[in-house]
Structures are given as structure tokens and as C-alpha cells.
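Undergrad: Just dropping this structure here.
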Amino acid sequence: MVYQLSFFCRSGEDRGDEALDRLLDYLLESGDRLVGEWLGPFEDSVAAFRLGTGSSDSDRPVADLLTLEVHVGVAEIAESVIAASPNDERGIWGCDLLATVTLSGDTPDWALVHRIWAAVVSLWRAVPWDESSGFEIAARTPQL
């Protein structure tokens, strides 16, 4: 199974690694221990991390790791914004950060997806989108 959830945000962040660091710091303050690895190097506008909720009794994740990727800059994410909302009916044109969560494997870490979702909404007023539900996925915003 491969599933990707995207979040269109207005962040004011200048670099992908700084935005990802801010998001990871927020996640570390707001829940269970995390395990993962930095992916990259990438260009200044892109950063990524493989991430999972850590087991309480080992350094292993409780579920399959997910990939959390951040792209910053209006120009860098313009194609994604236009593809998701060609007429800007959701008001996402001008967003300057696109965060994506990619899940694969047999045991997705849905609890971490919900933590990330709540974090990007709190930090950057994110608007969620996926290929199957489009912007209707927002109706399933996790209550944490």
C-alpha cells in the first residue's frame, strides 16, 4: 500500500530544512517518542525525514516508517497548488509550503499521521488534500 497526504500551508519559512526542524520540534513536544532518519541532502527548498513512533521498550518503531517531506517557496510548489486547485476554490494559491506524508508497508503509523496533521494545522493553518478525496479529506481532520 502507498498513500500520500499533502498539506498546503502559509508558513513564511525560507528553507526546507528549517521548516522540517520546526515541525519535528513541535512533534517531539506533543506526543510519544519518535525514531527516524534524515533523508538528503537536498536543495535549500526541500527536506525529508523517515519517521515513526518509537516503541517504549526499544529503538524500533511501532509501525512502518513514513516519509515526511517539506517543500518551501511559492514558485517551488506552484505546479502542485495549481494541479490540486486550478480555480483556487480553496484559497491555496500563494501557499509557500507543501508538506507531504507518504505511507507504505503493511502497518502504517496512522497515529503519527494524525499528530503530523494536527501539527501542520497548528503551525501553518494547513489545508489537507489527497488524490482520492481531494479537499474533502479535511472533513476527517483528527481531533487531538
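Each chain in the C-alpha cells gets a letter, A, B and so on, in the order shown; residues start at 1 in every chain, and ligands are counted from 1 in the order they appear.
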For Leu39 in chain A, please output as a list of chain:residue names all residues within 10 Å (counting only C-alpha atoms; exclusion window: fewer than 4 positions along the same chain).
TA: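 Near Leu39 in chain A, the qualifying residues are A:Ala47, A:Ala48, A:Phe49, A:Arg50, A:Thr67, A:Leu68, A:Glu69.
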Undergrad: Need to verify the contact set: Leu20 in chain A, 12 Å, only C-alpha atoms, exclusion of same-chain residues closer than 5 positions in sequence. Can you return it as a ChimeraX atom specification?
TA: /A:11,13-15,25-27,38-39,44-51,67-72,97-100,116,119-120,123
Undergrad: Give me, please, the distance in Å between CA of Arg125 in chain A and CA of Ile92 in chain A, quoted to one decimal.
TA: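 That distance, rounded to one decimal, is 10.8 Å.
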Undergrad: Which residue, A:Leu24, A:Arg90, A:Leu5, A:Trp124, has the smallest gap to Ile137 in chain A when you use only C-alpha atoms?
TA: A:Leu5
Undergrad: Measure the distance from CA of Ala139 in chain A to CA of Gly52 in chain A in Å and round it to one decimal.
TA: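 Spanning CA of Ala139 in chain A to CA of Gly52 in chain A is a straight-line distance of 24.7 Å.
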Undergrad: Mind listing the strand (DSSP E or B) residues of chain A, per DSSP on the backbone, as a PyMOL selection string?
TA: chain A and resi 2-9+34-39+46-54+61+66-72+97-104+127-130+134
Undergrad: Pick the closest to Phe135 in chain A from A:Val81, A:Val62, A:Met1, A:Ala75: which is it, counting only C-alpha atoms?
TA: A:Val81
Undergrad: Given only C-alpha atoms as the basis, pick out the residue of A:Asp21, A:Asp96, A:Glu79, A:Asp109 nearest to Tyr3 in chain A.
TA: A:Asp109
Undergrad: Name the residues of chain A that fall into alpha helix (DSSP H) according to DSSP on the backbone, using the chain letters and numbers of this document, as an NGL selection string.
TA: :A and (16-29 or 74-84 or 110-124)
Undergrad: Which residue out of A:Ser58, A:Ser85, A:Ser80, A:Thr53 has the minimum interatomic distance to Ser6 in chain A when only C-alpha atoms are used?
TA: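 Closest to Ser6 in chain A of all the choices is A:Ser80.
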Undergrad: Measuring between only C-alpha atoms, which one of A:Ala84, A:Leu28, A:Leu66, A:Val35 shows the shortest distance to Glu136 in chain A?
TA: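 That would be A:Ala84, the residue with the smallest distance to Glu136 in chain A.
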Undergrad: What does the distance from CA of Glu29 in chain A to CA of Arg115 in chain A come to in Å, to one decimal?
TA: 11.0 Å
Undergrad: Do you know which residues are at most 12 Å from Ala118 in chain A counting only C-alpha atoms, after dropping those on the same chain fewer than 3 positions away, and could you put them as a ChimeraX atom specification?
TA: /A:7,23,26-27,30-31,111-115,121-128,138,140-144
